[in-house]
Amino acid sequence: MQLTDYEKQMLGGENGPAVARAMDLLVRYGEALGAERLVETRNVAGAFNASTPSIRSMAEDGFDRVYSELNLDSDDVVDIPHMAVPTCQLITGIDIENHALQGADPGLVDMQKDGERFFGQRGINMMCTCTPYQVGNVPVRGEHLAWMESSAVIYANSVLGARTNVEGKESTGAAGLTGRIPYWGLHLPENRLADRLIDVQVPVEDMAGWGVLGYFTGLQVEEAQPALNGISATPTLWELKHFGAAAASSGGVEIYHIPGVTPEAPTLEAAFGGNPMPDPIVFGERERVATWERLQSAEDRSVDFIMLGCPHNSIEQMSRVAELLEGRKVHADVALWVHTPRALAEVSKRSGYTDIIREAGGVVMSDTCPAISRRLPKGVRVIATDSAKQAHYLPAIAGVDGWFGSLEHCIDAAITGKWRGGP
Ligand code: F3S
């Protein structure tokens with residue numbers, strides 16, 4: 001791999017042992033990927049926090065050890081300096097305010113708080129959300145990133161036109177300390193073109209509809225790069241967020257194009273870079289209903305947990321949840337958790353949405369989600385969610401059955417305790 005003089009200096013240890021290990025990791029990683037060089041990044045989003053029981057003994061030796069082992073893959077413990085470039089924490093395992101509801105013991109909460117202090121002092125911004133682009137980390141078009149979290153990566157590449165592969169704990173740990181990441185995959189403009197065509201023949205009208213289309217797209221194209229033709233109305237941030245999260249769950253989609261909507265596809269032809277287009281994959285009424293049915297894993301219509309906010313809710317979504325819950329009461333046998341980034345939870349509180357949700361019997365959660373934390377309300381058997389991603393993962397992760405549908409159907413289930421949704 002070709003390195004600049006400054007990169008050689010970092011590798012040689014002139015910037016300290018942690019940076020040297022980070023460079024060594026990036027060079028080995030890049031060579032394994034076939035990258036010829038590294039690229040500068042000023043925007044890293046990774047997983048640095050410490051909130052799982054499995055790392056408790058590591059954390060007792062200090063967070064230098066946690067970072068060394070988990071974020072640098074180093075057996076030696078090295079002192080971790082300040083990050084070289086802006087870096088942020090994605091989602092964590094515990095909501096510090098609501099940890100009791102999650103069944104997290106106070107020792108773990110203290111460990112998470114200690115970890116946040118340690119990492120924060122080293123320049124890692126504790127955003128604690130899978131949607132950093134909703135709370136201030138909005139990369140510009142063409143910017144090279146080193147981001148983890150498949151739903152964030154697909155949003156950054158497709159909607160914002162920034163450039164990142166799906167990175168891991170180690171590569172983001174090394175990128176934060178060096179401001180470098182291997183130049184391969186979606187960092188190269190020629191690798192960002194569409195190579196599959198989805199012909200959307202039915203209107204896609206709401207968030208659930210976009211979730212279904214995303215789930216269908218991922219199933220059809222797997223890890224390829226689709227362009228969607230036939231989208232007539234401009235989708236919202238939250239619709240695209242749900243589309244991408246679903247496509248990255250049922251498949252491994254990291255970038256998509258919608259002509260006239262996403263920045264690298266002014267036209268359908270441009271999405272393919274002028275290359276010949278493949279035969280279209282049709283998404284019609286039959287496909288829409290079949291995909292919706294595939295997302296249902298429950299038969300029992302009595303639900304006991306409603307999970308909203310995967311990916312974390314925008315403030316507009318919080319407003320809509322409050323509107324639907326105002327003056328109503330969540331069923332006594334149902335838990336309702338609504339997830340939003342902590343920064344937006346503050347806006348939700350100031351706007352009165354949180355009071356409405358709480359008065360109805362719901363809980364506003366931040367920092368985490370059930371799929372990541374593997375913490376659900378006690379005794380849950382049947383969930384309902386407005387997220388195709390959560391409907392995909394939670395039954396397998398938590399051994400529950402799941403209903404997927406619109407926000408309106410989820411709120412109805414929260415109030416009645418019964419699932420009455422349909423495609
Ligand atoms: Fe975010 Fe958890 Fe969903 S990390 S995208 S809320 S599975």
# chains A, B, ... in the order shown; residues from 1 in each chain; ligands from 1

call {"tool": "select_by_dssp", "arguments": {"residues": "segment 28-277 of chain A", "states": "strand (DSSP E)", "output": "ChimeraX atom specification"}}
result
/A:38-40,44-46,87-89,124-125,146-147,180-182,196-200,226-229

call {"tool": "closest_atom_pairs", "arguments": {"of": "chain A", "to": "ligand 1", "cutoff": "6 Å", "atoms": "only C-alpha atoms and all ligand atoms", "output": "JSON lines"}}
result
{"residue": "A:Ile91", "atom": "CA", "partner": "ligand 1", "partner_atom_place_in_ligand_line": "4 (S)", "distance": 5.8}
{"residue": "A:Cys130", "atom": "CA", "partner": "ligand 1", "partner_atom_place_in_ligand_line": "1 (Fe)", "distance": 4.6}
{"residue": "A:Ser151", "atom": "CA", "partner": "ligand 1", "partner_atom_place_in_ligand_line": "5 (S)", "distance": 5.7}
{"residue": "A:Cys310", "atom": "CA", "partner": "ligand 1", "partner_atom_place_in_ligand_line": "6 (S)", "distance": 3.7}
{"residue": "A:Pro311", "atom": "CA", "partner": "ligand 1", "partner_atom_place_in_ligand_line": "5 (S)", "distance": 3.6}
{"residue": "A:His312", "atom": "CA", "partner": "ligand 1", "partner_atom_place_in_ligand_line": "6 (S)", "distance": 5.3}
{"residue": "A:Cys369", "atom": "CA", "partner": "ligand 1", "partner_atom_place_in_ligand_line": "2 (Fe)", "distance": 4.6}
{"residue": "A:Ala371", "atom": "CA", "partner": "ligand 1", "partner_atom_place_in_ligand_line": "7 (S)", "distance": 5.1}
{"residue": "A:Ile372", "atom": "CA", "partner": "ligand 1", "partner_atom_place_in_ligand_line": "2 (Fe)", "distance": 5.5}
{"residue": "A:Gln390", "atom": "CA", "partner": "ligand 1", "partner_atom_place_in_ligand_line": "7 (S)", "distance": 5.6}

call {"tool": "residues_around", "arguments": {"residues": "Asn165 of chain A", "least_positions_apart": "4", "cutoff": "8 Å", "atoms": "only C-alpha atoms", "output": "PyMOL selection string"}}
result
chain A and resi 146-147+153+185-187+254

call {"tool": "residues_around", "arguments": {"residues": "segment 260-271 of chain A", "least_positions_apart": "6", "cutoff": "12 Å", "atoms": "only C-alpha atoms", "output": "PyMOL selection string"}}
result
chain A and resi 140-142+154-163+189-199+225-237+240+277-278

call {"tool": "closest_residue", "arguments": {"among": "A:Gly136, A:Gly244, A:Gly13, A:Gly402", "to": "Ser302 of chain A", "atoms": "only C-alpha atoms"}}
result
A:Gly402

call {"tool": "residues_around", "arguments": {"residues": "Thr217 of chain A", "least_positions_apart": "6", "cutoff": "12 Å", "atoms": "only C-alpha atoms", "output": "PDB file with N, CA, C and O atoms, in the first residue's frame"}}
result
ATOM      1  N   ARG A 196     -28.793  -2.536 -10.654  1.00  0.00           N
ATOM      2  CA  ARG A 196     -30.078  -3.231 -10.660  1.00  0.00           C
ATOM      3  C   ARG A 196     -31.160  -2.169 -10.813  1.00  0.00           C
ATOM      4  O   ARG A 196     -30.998  -1.035 -10.349  1.00  0.00           O
ATOM      5  N   LEU A 197     -32.265  -2.559 -11.425  1.00  0.00           N
ATOM      6  CA  LEU A 197     -33.361  -1.614 -11.658  1.00  0.00           C
ATOM      7  C   LEU A 197     -34.646  -2.157 -11.034  1.00  0.00           C
ATOM      8  O   LEU A 197     -35.063  -3.276 -11.339  1.00  0.00           O
ATOM      9  N   ILE A 198     -35.237  -1.376 -10.139  1.00  0.00           N
ATOM     10  CA  ILE A 198     -36.531  -1.750  -9.552  1.00  0.00           C
ATOM     11  C   ILE A 198     -37.596  -0.865 -10.198  1.00  0.00           C
ATOM     12  O   ILE A 198     -37.480   0.368 -10.153  1.00  0.00           O
ATOM     13  N   ASP A 199     -38.583  -1.494 -10.788  1.00  0.00           N
ATOM     14  CA  ASP A 199     -39.660  -0.747 -11.437  1.00  0.00           C
ATOM     15  C   ASP A 199     -40.842  -0.695 -10.468  1.00  0.00           C
ATOM     16  O   ASP A 199     -41.550  -1.692 -10.277  1.00  0.00           O
ATOM     17  N   VAL A 200     -41.029   0.454  -9.846  1.00  0.00           N
ATOM     18  CA  VAL A 200     -42.070   0.594  -8.819  1.00  0.00           C
ATOM     19  C   VAL A 200     -43.377   0.959  -9.513  1.00  0.00           C
ATOM     20  O   VAL A 200     -43.524   2.055 -10.049  1.00  0.00           O
ATOM     21  N   TRP A 210     -42.743   2.554   2.500  1.00  0.00           N
ATOM     22  CA  TRP A 210     -41.316   2.628   2.155  1.00  0.00           C
ATOM     23  C   TRP A 210     -40.529   1.503   2.809  1.00  0.00           C
ATOM     24  O   TRP A 210     -39.563   0.982   2.237  1.00  0.00           O
ATOM     25  N   GLY A 211     -40.944   1.109   4.010  1.00  0.00           N
ATOM     26  CA  GLY A 211     -40.296  -0.034   4.670  1.00  0.00           C
ATOM     27  C   GLY A 211     -40.498  -1.313   3.868  1.00  0.00           C
ATOM     28  O   GLY A 211     -39.566  -2.099   3.664  1.00  0.00           O
ATOM     29  N   GLU A 223     -26.719  -7.660  -2.260  1.00  0.00           N
ATOM     30  CA  GLU A 223     -25.708  -6.623  -1.995  1.00  0.00           C
ATOM     31  C   GLU A 223     -25.482  -5.708  -3.192  1.00  0.00           C
ATOM     32  O   GLU A 223     -24.523  -4.929  -3.210  1.00  0.00           O
ATOM     33  N   ALA A 224     -26.346  -5.778  -4.172  1.00  0.00           N
ATOM     34  CA  ALA A 224     -26.160  -4.948  -5.363  1.00  0.00           C
ATOM     35  C   ALA A 224     -26.672  -3.526  -5.113  1.00  0.00           C
ATOM     36  O   ALA A 224     -27.051  -3.178  -3.994  1.00  0.00           O
ATOM     37  N   GLN A 225     -26.648  -2.699  -6.170  1.00  0.00           N
ATOM     38  CA  GLN A 225     -26.912  -1.269  -6.028  1.00  0.00           C
ATOM     39  C   GLN A 225     -28.094  -0.865  -6.911  1.00  0.00           C
ATOM     40  O   GLN A 225     -27.932  -0.631  -8.112  1.00  0.00           O
ATOM     41  N   PRO A 226     -29.272  -0.783  -6.310  1.00  0.00           N
ATOM     42  CA  PRO A 226     -30.476  -0.571  -7.112  1.00  0.00           C
ATOM     43  C   PRO A 226     -30.746   0.894  -7.435  1.00  0.00           C
ATOM     44  O   PRO A 226     -30.405   1.795  -6.666  1.00  0.00           O
ATOM     45  N   ALA A 227     -31.391   1.104  -8.573  1.00  0.00           N
ATOM     46  CA  ALA A 227     -32.046   2.380  -8.870  1.00  0.00           C
ATOM     47  C   ALA A 227     -33.538   2.099  -8.882  1.00  0.00           C
ATOM     48  O   ALA A 227     -33.976   1.052  -9.371  1.00  0.00           O
ATOM     49  N   LEU A 228     -34.316   3.019  -8.308  1.00  0.00           N
ATOM     50  CA  LEU A 228     -35.766   2.839  -8.250  1.00  0.00           C
ATOM     51  C   LEU A 228     -36.411   3.738  -9.282  1.00  0.00           C
ATOM     52  O   LEU A 228     -36.261   4.960  -9.205  1.00  0.00           O
ATOM     53  N   PHE A 243     -36.748   3.125   4.351  1.00  0.00           N
ATOM     54  CA  PHE A 243     -36.445   2.356   3.137  1.00  0.00           C
ATOM     55  C   PHE A 243     -35.033   1.773   3.229  1.00  0.00           C
ATOM     56  O   PHE A 243     -34.810   0.579   3.015  1.00  0.00           O
ATOM     57  N   GLY A 244     -34.071   2.637   3.557  1.00  0.00           N
ATOM     58  CA  GLY A 244     -32.670   2.194   3.594  1.00  0.00           C
ATOM     59  C   GLY A 244     -32.433   1.164   4.684  1.00  0.00           C
ATOM     60  O   GLY A 244     -31.746   0.156   4.460  1.00  0.00           O
ATOM     61  N   ALA A 245     -32.997   1.401   5.859  1.00  0.00           N
ATOM     62  CA  ALA A 245     -32.795   0.453   6.968  1.00  0.00           C
ATOM     63  C   ALA A 245     -33.332  -0.924   6.579  1.00  0.00           C
ATOM     64  O   ALA A 245     -32.719  -1.950   6.874  1.00  0.00           O
ATOM     65  N   ALA A 246     -34.485  -0.944   5.904  1.00  0.00           N
ATOM     66  CA  ALA A 246     -35.077  -2.229   5.503  1.00  0.00           C
ATOM     67  C   ALA A 246     -34.233  -2.907   4.423  1.00  0.00           C
ATOM     68  O   ALA A 246     -33.973  -4.118   4.495  1.00  0.00           O
ATOM     69  N   ALA A 247     -33.777  -2.129   3.430  1.00  0.00           N
ATOM     70  CA  ALA A 247     -32.985  -2.716   2.331  1.00  0.00           C
ATOM     71  C   ALA A 247     -31.651  -3.250   2.836  1.00  0.00           C
ATOM     72  O   ALA A 247     -31.111  -4.216   2.299  1.00  0.00           O
ATOM     73  N   ALA A 248     -31.126  -2.611   3.891  1.00  0.00           N
ATOM     74  CA  ALA A 248     -29.853  -3.071   4.463  1.00  0.00           C
ATOM     75  C   ALA A 248     -30.058  -4.220   5.443  1.00  0.00           C
ATOM     76  O   ALA A 248     -29.075  -4.773   5.939  1.00  0.00           O
ATOM     77  N   SER A 249     -31.320  -4.572   5.731  1.00  0.00           N
ATOM     78  CA  SER A 249     -31.597  -5.694   6.640  1.00  0.00           C
ATOM     79  C   SER A 249     -31.907  -6.970   5.869  1.00  0.00           C
ATOM     80  O   SER A 249     -31.324  -8.012   6.128  1.00  0.00           O
ATOM     81  N   SER A 250     -32.840  -6.864   4.907  1.00  0.00           N
ATOM     82  CA  SER A 250     -33.175  -8.074   4.135  1.00  0.00           C
ATOM     83  C   SER A 250     -32.073  -8.381   3.124  1.00  0.00           C
ATOM     84  O   SER A 250     -31.910  -9.523   2.703  1.00  0.00           O
ATOM     85  N   GLY A 251     -31.300  -7.368   2.746  1.00  0.00           N
ATOM     86  CA  GLY A 251     -30.143  -7.547   1.876  1.00  0.00           C
ATOM     87  C   GLY A 251     -28.959  -6.837   2.506  1.00  0.00           C
ATOM     88  O   GLY A 251     -28.970  -6.517   3.686  1.00  0.00           O
ATOM     89  N   GLY A 252     -27.955  -6.579   1.704  1.00  0.00           N
ATOM     90  CA  GLY A 252     -26.800  -5.850   2.224  1.00  0.00           C
ATOM     91  C   GLY A 252     -26.596  -4.573   1.429  1.00  0.00           C
ATOM     92  O   GLY A 252     -25.461  -4.199   1.128  1.00  0.00           O
ATOM     93  N   VAL A 253     -27.699  -3.900   1.093  1.00  0.00           N
ATOM     94  CA  VAL A 253     -27.606  -2.718   0.225  1.00  0.00           C
ATOM     95  C   VAL A 253     -26.915  -1.581   0.978  1.00  0.00           C
ATOM     96  O   VAL A 253     -27.255  -1.282   2.117  1.00  0.00           O
ATOM     97  N   GLU A 254     -25.930  -0.950   0.335  1.00  0.00           N
ATOM     98  CA  GLU A 254     -25.205   0.163   0.961  1.00  0.00           C
ATOM     99  C   GLU A 254     -25.413   1.472   0.203  1.00  0.00           C
ATOM    100  O   GLU A 254     -25.047   2.534   0.701  1.00  0.00           O
ATOM    101  N   ILE A 255     -25.954   1.379  -0.991  1.00  0.00           N
ATOM    102  CA  ILE A 255     -26.259   2.608  -1.754  1.00  0.00           C
ATOM    103  C   ILE A 255     -27.392   2.304  -2.734  1.00  0.00           C
ATOM    104  O   ILE A 255     -27.482   1.192  -3.274  1.00  0.00           O
ATOM    105  N   TYR A 256     -28.270   3.288  -2.922  1.00  0.00           N
ATOM    106  CA  TYR A 256     -29.331   3.167  -3.935  1.00  0.00           C
ATOM    107  C   TYR A 256     -29.513   4.546  -4.559  1.00  0.00           C
ATOM    108  O   TYR A 256     -29.000   5.559  -4.040  1.00  0.00           O
ATOM    109  N   HIS A 257     -30.224   4.563  -5.654  1.00  0.00           N
ATOM    110  CA  HIS A 257     -30.472   5.829  -6.352  1.00  0.00           C
ATOM    111  C   HIS A 257     -31.959   5.946  -6.695  1.00  0.00           C
ATOM    112  O   HIS A 257     -32.588   4.953  -7.080  1.00  0.00           O
ATOM    113  N   PRO A 280     -35.783  -4.846 -15.644  1.00  0.00           N
ATOM    114  CA  PRO A 280     -36.331  -4.357 -14.373  1.00  0.00           C
ATOM    115  C   PRO A 280     -36.910  -5.472 -13.500  1.00  0.00           C
ATOM    116  O   PRO A 280     -37.420  -6.466 -13.997  1.00  0.00           O
ATOM    117  N   ILE A 281     -36.824  -5.261 -12.213  1.00  0.00           N
ATOM    118  CA  ILE A 281     -37.492  -6.120 -11.224  1.00  0.00           C
ATOM    119  C   ILE A 281     -38.768  -5.377 -10.835  1.00  0.00           C
ATOM    120  O   ILE A 281     -38.699  -4.239 -10.363  1.00  0.00           O
ATOM    121  N   VAL A 282     -39.914  -5.995 -11.056  1.00  0.00           N
ATOM    122  CA  VAL A 282     -41.189  -5.283 -10.855  1.00  0.00           C
ATOM    123  C   VAL A 282     -41.611  -5.329  -9.388  1.00  0.00           C
ATOM    124  O   VAL A 282     -41.577  -6.383  -8.749  1.00  0.00           O
ATOM    125  N   PHE A 283     -42.002  -4.153  -8.881  1.00  0.00           N
ATOM    126  CA  PHE A 283     -42.642  -4.063  -7.567  1.00  0.00           C
ATOM    127  C   PHE A 283     -44.056  -3.560  -7.822  1.00  0.00           C
ATOM    128  O   PHE A 283     -44.292  -2.367  -8.026  1.00  0.00           O
ATOM    129  N   GLU A 287     -46.372  -8.000  -5.337  1.00  0.00           N
ATOM    130  CA  GLU A 287     -45.093  -8.009  -4.616  1.00  0.00           C
ATOM    131  C   GLU A 287     -45.226  -7.244  -3.298  1.00  0.00           C
ATOM    132  O   GLU A 287     -44.656  -7.636  -2.282  1.00  0.00           O
ATOM    133  N   ARG A 288     -45.976  -6.147  -3.327  1.00  0.00           N
ATOM    134  CA  ARG A 288     -46.137  -5.338  -2.106  1.00  0.00           C
ATOM    135  C   ARG A 288     -46.812  -6.162  -0.998  1.00  0.00           C
ATOM    136  O   ARG A 288     -46.334  -6.224   0.130  1.00  0.00           O
ATOM    137  N   THR A 291     -44.610  -9.081   0.254  1.00  0.00           N
ATOM    138  CA  THR A 291     -43.511  -8.637   1.129  1.00  0.00           C
ATOM    139  C   THR A 291     -44.057  -8.269   2.501  1.00  0.00           C
ATOM    140  O   THR A 291     -43.452  -8.597   3.529  1.00  0.00           O
TER     141      THR A 291
END

call {"tool": "atom_distance", "arguments": {"atom1": "atom CA of Arg117 of chain A", "atom2": "atom CA of Gly62 of chain A"}}
result
12.0 Å

call {"tool": "residues_around", "arguments": {"residues": "segment 66-76 of chain A", "least_positions_apart": "4", "cutoff": "9 Å", "atoms": "only C-alpha atoms", "output": "short mmCIF file (atom, residue, chain, number, x, y, z; two decimals) with all heavy atoms, in the first residue's frame"}}
result
data_model
loop_
_atom_site.label_atom_id
_atom_site.label_comp_id
_atom_site.auth_asym_id
_atom_site.auth_seq_id
_atom_site.Cartn_x
_atom_site.Cartn_y
_atom_site.Cartn_z
N ALA A 18 -0.57 4.38 20.24
CA ALA A 18 -1.96 4.09 19.83
C ALA A 18 -2.14 4.40 18.34
O ALA A 18 -2.76 3.63 17.60
CB ALA A 18 -2.94 4.90 20.67
N ARG A 21 -0.47 1.75 16.24
CA ARG A 21 -1.28 0.53 16.13
C ARG A 21 -2.46 0.76 15.19
O ARG A 21 -2.85 -0.12 14.42
CB ARG A 21 -1.78 0.10 17.50
CG ARG A 21 -0.74 -0.74 18.23
CD ARG A 21 -1.19 -1.10 19.63
NE ARG A 21 -0.20 -1.93 20.29
CZ ARG A 21 1.00 -1.52 20.69
NH1 ARG A 21 1.38 -0.29 20.45
NH2 ARG A 21 1.84 -2.35 21.29
N ALA A 22 -3.05 1.95 15.28
CA ALA A 22 -4.19 2.26 14.40
C ALA A 22 -3.74 2.21 12.93
O ALA A 22 -4.43 1.63 12.08
CB ALA A 22 -4.75 3.64 14.75
N LEU A 25 -3.16 -1.35 11.82
CA LEU A 25 -4.44 -2.02 11.57
C LEU A 25 -5.00 -1.60 10.21
O LEU A 25 -5.45 -2.44 9.42
CB LEU A 25 -5.41 -1.68 12.70
CG LEU A 25 -6.77 -2.38 12.71
CD1 LEU A 25 -7.27 -2.53 14.15
CD2 LEU A 25 -7.83 -1.67 11.89
N ALA A 47 -18.50 2.53 17.31
CA ALA A 47 -19.04 2.00 18.57
C ALA A 47 -17.92 1.95 19.60
O ALA A 47 -17.07 1.08 19.55
CB ALA A 47 -19.62 0.61 18.33
N PHE A 48 -17.93 2.91 20.50
CA PHE A 48 -16.83 3.05 21.45
C PHE A 48 -17.26 2.85 22.89
O PHE A 48 -16.42 2.84 23.77
CB PHE A 48 -16.21 4.46 21.33
CG PHE A 48 -15.76 4.76 19.94
CD1 PHE A 48 -16.58 5.45 19.06
CD2 PHE A 48 -14.53 4.34 19.49
CE1 PHE A 48 -16.17 5.71 17.76
CE2 PHE A 48 -14.10 4.59 18.20
CZ PHE A 48 -14.93 5.29 17.33
N ASN A 49 -18.54 2.75 23.07
CA ASN A 49 -18.98 2.79 24.46
C ASN A 49 -18.94 1.39 25.10
O ASN A 49 -18.75 0.40 24.44
CB ASN A 49 -20.39 3.37 24.54
CG ASN A 49 -20.62 3.98 25.90
OD1 ASN A 49 -19.74 3.99 26.75
ND2 ASN A 49 -21.81 4.48 26.12
N ALA A 50 -19.15 1.39 26.41
CA ALA A 50 -19.00 0.16 27.18
C ALA A 50 -20.24 -0.06 28.01
O ALA A 50 -20.40 0.55 29.04
CB ALA A 50 -17.79 0.31 28.08
N ILE A 55 -17.89 -7.02 28.81
CA ILE A 55 -16.63 -6.25 28.89
C ILE A 55 -16.37 -5.69 30.29
O ILE A 55 -15.45 -4.92 30.49
CB ILE A 55 -16.56 -5.13 27.85
CG1 ILE A 55 -17.60 -4.06 28.15
CG2 ILE A 55 -16.67 -5.62 26.45
CD1 ILE A 55 -17.16 -2.75 27.55
N MET A 58 -12.87 -6.22 31.51
CA MET A 58 -11.95 -5.38 30.73
C MET A 58 -12.00 -3.94 31.24
O MET A 58 -10.96 -3.30 31.46
CB MET A 58 -12.43 -5.40 29.27
CG MET A 58 -11.37 -5.48 28.23
SD MET A 58 -12.17 -5.32 26.61
CE MET A 58 -12.67 -6.96 26.29
N ALA A 59 -13.23 -3.45 31.45
CA ALA A 59 -13.41 -2.06 31.88
C ALA A 59 -12.83 -1.82 33.28
O ALA A 59 -12.39 -0.71 33.59
CB ALA A 59 -14.88 -1.68 31.85
N ASP A 61 -10.09 -2.76 34.24
CA ASP A 61 -8.67 -2.40 34.04
C ASP A 61 -8.53 -1.01 33.42
O ASP A 61 -7.41 -0.56 33.19
CB ASP A 61 -7.99 -3.40 33.09
CG ASP A 61 -7.81 -4.75 33.75
OD1 ASP A 61 -7.93 -4.82 34.99
OD2 ASP A 61 -7.57 -5.72 33.01
N GLY A 62 -9.66 -0.38 33.08
CA GLY A 62 -9.62 0.97 32.50
C GLY A 62 -10.03 0.96 31.04
O GLY A 62 -9.95 -0.07 30.35
N ILE A 80 -4.81 5.91 25.15
CA ILE A 80 -5.58 6.43 24.01
C ILE A 80 -5.56 7.96 24.05
O ILE A 80 -6.05 8.56 25.01
CB ILE A 80 -7.03 5.92 24.04
CG1 ILE A 80 -7.05 4.38 24.06
CG2 ILE A 80 -7.83 6.45 22.86
CD1 ILE A 80 -6.32 3.70 22.91
N GLY A 168 -16.28 -1.24 10.69
CA GLY A 168 -16.43 -2.00 11.93
C GLY A 168 -15.85 -1.24 13.11
O GLY A 168 -15.29 -0.14 12.96
N LYS A 169 -15.99 -1.86 14.29
CA LYS A 169 -15.47 -1.25 15.52
C LYS A 169 -13.99 -0.92 15.42
O LYS A 169 -13.53 0.12 15.87
CB LYS A 169 -15.61 -2.27 16.65
CG LYS A 169 -16.73 -2.04 17.59
CD LYS A 169 -16.65 -3.04 18.72
CE LYS A 169 -17.81 -2.80 19.65
NZ LYS A 169 -17.91 -3.77 20.70
N GLU A 170 -13.24 -1.86 14.83
CA GLU A 170 -11.78 -1.69 14.79
C GLU A 170 -11.39 -0.62 13.78
O GLU A 170 -10.55 0.23 14.07
CB GLU A 170 -11.09 -3.02 14.43
CG GLU A 170 -11.30 -4.13 15.44
CD GLU A 170 -12.63 -4.87 15.25
OE1 GLU A 170 -13.42 -4.48 14.35
OE2 GLU A 170 -12.89 -5.82 16.01
N SER A 171 -11.99 -0.67 12.58
CA SER A 171 -11.56 0.29 11.55
C SER A 171 -11.99 1.71 11.93
O SER A 171 -11.26 2.68 11.65
CB SER A 171 -12.10 -0.09 10.18
OG SER A 171 -13.50 -0.17 10.18
N THR A 172 -13.15 1.85 12.60
CA THR A 172 -13.53 3.20 13.02
C THR A 172 -12.66 3.66 14.20
O THR A 172 -12.31 4.83 14.29
CB THR A 172 -15.02 3.28 13.41
OG1 THR A 172 -15.32 2.24 14.34
CG2 THR A 172 -15.93 3.18 12.20
N GLY A 173 -12.29 2.71 15.05
CA GLY A 173 -11.37 3.05 16.15
C GLY A 173 -10.05 3.55 15.61
O GLY A 173 -9.48 4.53 16.12
N ALA A 174 -9.56 2.92 14.57
CA ALA A 174 -8.29 3.33 13.96
C ALA A 174 -8.47 4.63 13.16
O ALA A 174 -7.58 5.50 13.16
CB ALA A 174 -7.77 2.23 13.05
#

call {"tool": "select_by_dssp", "arguments": {"residues": "segment 245-295 of chain A", "states": "helix (DSSP H, G or I)", "output": "ChimeraX atom specification"}}
result
/A:245-250,268-271,285-294

call {"tool": "write_last_selection", "arguments": {"atoms": "N, CA, C and O atoms", "output": "tab-separated table (two decimals), in the first residue's frame"}}
result
chain	number	residue	atom	x	y	z
A	245	ALA	N	-33.00	1.40	5.86
A	245	ALA	CA	-32.79	0.45	6.97
A	245	ALA	C	-33.33	-0.92	6.58
A	245	ALA	O	-32.72	-1.95	6.87
A	246	ALA	N	-34.49	-0.94	5.90
A	246	ALA	CA	-35.08	-2.23	5.50
A	246	ALA	C	-34.23	-2.91	4.42
A	246	ALA	O	-33.97	-4.12	4.49
A	247	ALA	N	-33.78	-2.13	3.43
A	247	ALA	CA	-32.99	-2.72	2.33
A	247	ALA	C	-31.65	-3.25	2.84
A	247	ALA	O	-31.11	-4.22	2.30
A	248	ALA	N	-31.13	-2.61	3.89
A	248	ALA	CA	-29.85	-3.07	4.46
A	248	ALA	C	-30.06	-4.22	5.44
A	248	ALA	O	-29.08	-4.77	5.94
A	249	SER	N	-31.32	-4.57	5.73
A	249	SER	CA	-31.60	-5.69	6.64
A	249	SER	C	-31.91	-6.97	5.87
A	249	SER	O	-31.32	-8.01	6.13
A	250	SER	N	-32.84	-6.86	4.91
A	250	SER	CA	-33.17	-8.07	4.14
A	250	SER	C	-32.07	-8.38	3.12
A	250	SER	O	-31.91	-9.52	2.70
A	268	LEU	N	-32.35	8.69	-14.54
A	268	LEU	CA	-32.15	7.24	-14.44
A	268	LEU	C	-30.86	6.84	-15.16
A	268	LEU	O	-30.08	6.02	-14.65
A	269	GLU	N	-30.61	7.44	-16.30
A	269	GLU	CA	-29.41	7.11	-17.07
A	269	GLU	C	-28.16	7.45	-16.26
A	269	GLU	O	-27.19	6.70	-16.23
A	270	ALA	N	-28.20	8.58	-15.57
A	270	ALA	CA	-27.04	8.99	-14.77
A	270	ALA	C	-26.79	8.02	-13.62
A	270	ALA	O	-25.64	7.76	-13.25
A	271	ALA	N	-27.86	7.46	-13.07
A	271	ALA	CA	-27.70	6.50	-11.97
A	271	ALA	C	-26.86	5.30	-12.42
A	271	ALA	O	-26.11	4.72	-11.64
A	285	GLU	N	-48.51	-4.58	-7.00
A	285	GLU	CA	-49.39	-4.85	-5.85
A	285	GLU	C	-49.15	-6.24	-5.29
A	285	GLU	O	-49.12	-6.44	-4.07
A	286	ARG	N	-48.94	-7.22	-6.18
A	286	ARG	CA	-48.70	-8.59	-5.71
A	286	ARG	C	-47.43	-8.65	-4.86
A	286	ARG	O	-47.41	-9.23	-3.77
A	287	GLU	N	-46.37	-8.00	-5.34
A	287	GLU	CA	-45.09	-8.01	-4.62
A	287	GLU	C	-45.23	-7.24	-3.30
A	287	GLU	O	-44.66	-7.64	-2.28
A	288	ARG	N	-45.98	-6.15	-3.33
A	288	ARG	CA	-46.14	-5.34	-2.11
A	288	ARG	C	-46.81	-6.16	-1.00
A	288	ARG	O	-46.33	-6.22	0.13
A	289	VAL	N	-47.91	-6.83	-1.36
A	289	VAL	CA	-48.65	-7.60	-0.35
A	289	VAL	C	-47.82	-8.81	0.12
A	289	VAL	O	-47.75	-9.11	1.32
A	290	ALA	N	-47.15	-9.47	-0.82
A	290	ALA	CA	-46.34	-10.65	-0.45
A	290	ALA	C	-45.21	-10.25	0.49
A	290	ALA	O	-44.89	-10.97	1.46
A	291	THR	N	-44.61	-9.08	0.25
A	291	THR	CA	-43.51	-8.64	1.13
A	291	THR	C	-44.06	-8.27	2.50
A	291	THR	O	-43.45	-8.60	3.53
A	292	TRP	N	-45.20	-7.59	2.50
A	292	TRP	CA	-45.82	-7.24	3.79
A	292	TRP	C	-46.08	-8.52	4.59
A	292	TRP	O	-45.79	-8.60	5.78
A	293	GLU	N	-46.60	-9.54	3.92
A	293	GLU	CA	-46.91	-10.80	4.64
A	293	GLU	C	-45.64	-11.45	5.16
A	293	GLU	O	-45.62	-12.01	6.26
A	294	ARG	N	-44.59	-11.35	4.40
A	294	ARG	CA	-43.32	-11.95	4.84
A	294	ARG	C	-42.79	-11.30	6.11
A	294	ARG	O	-42.05	-11.90	6.87
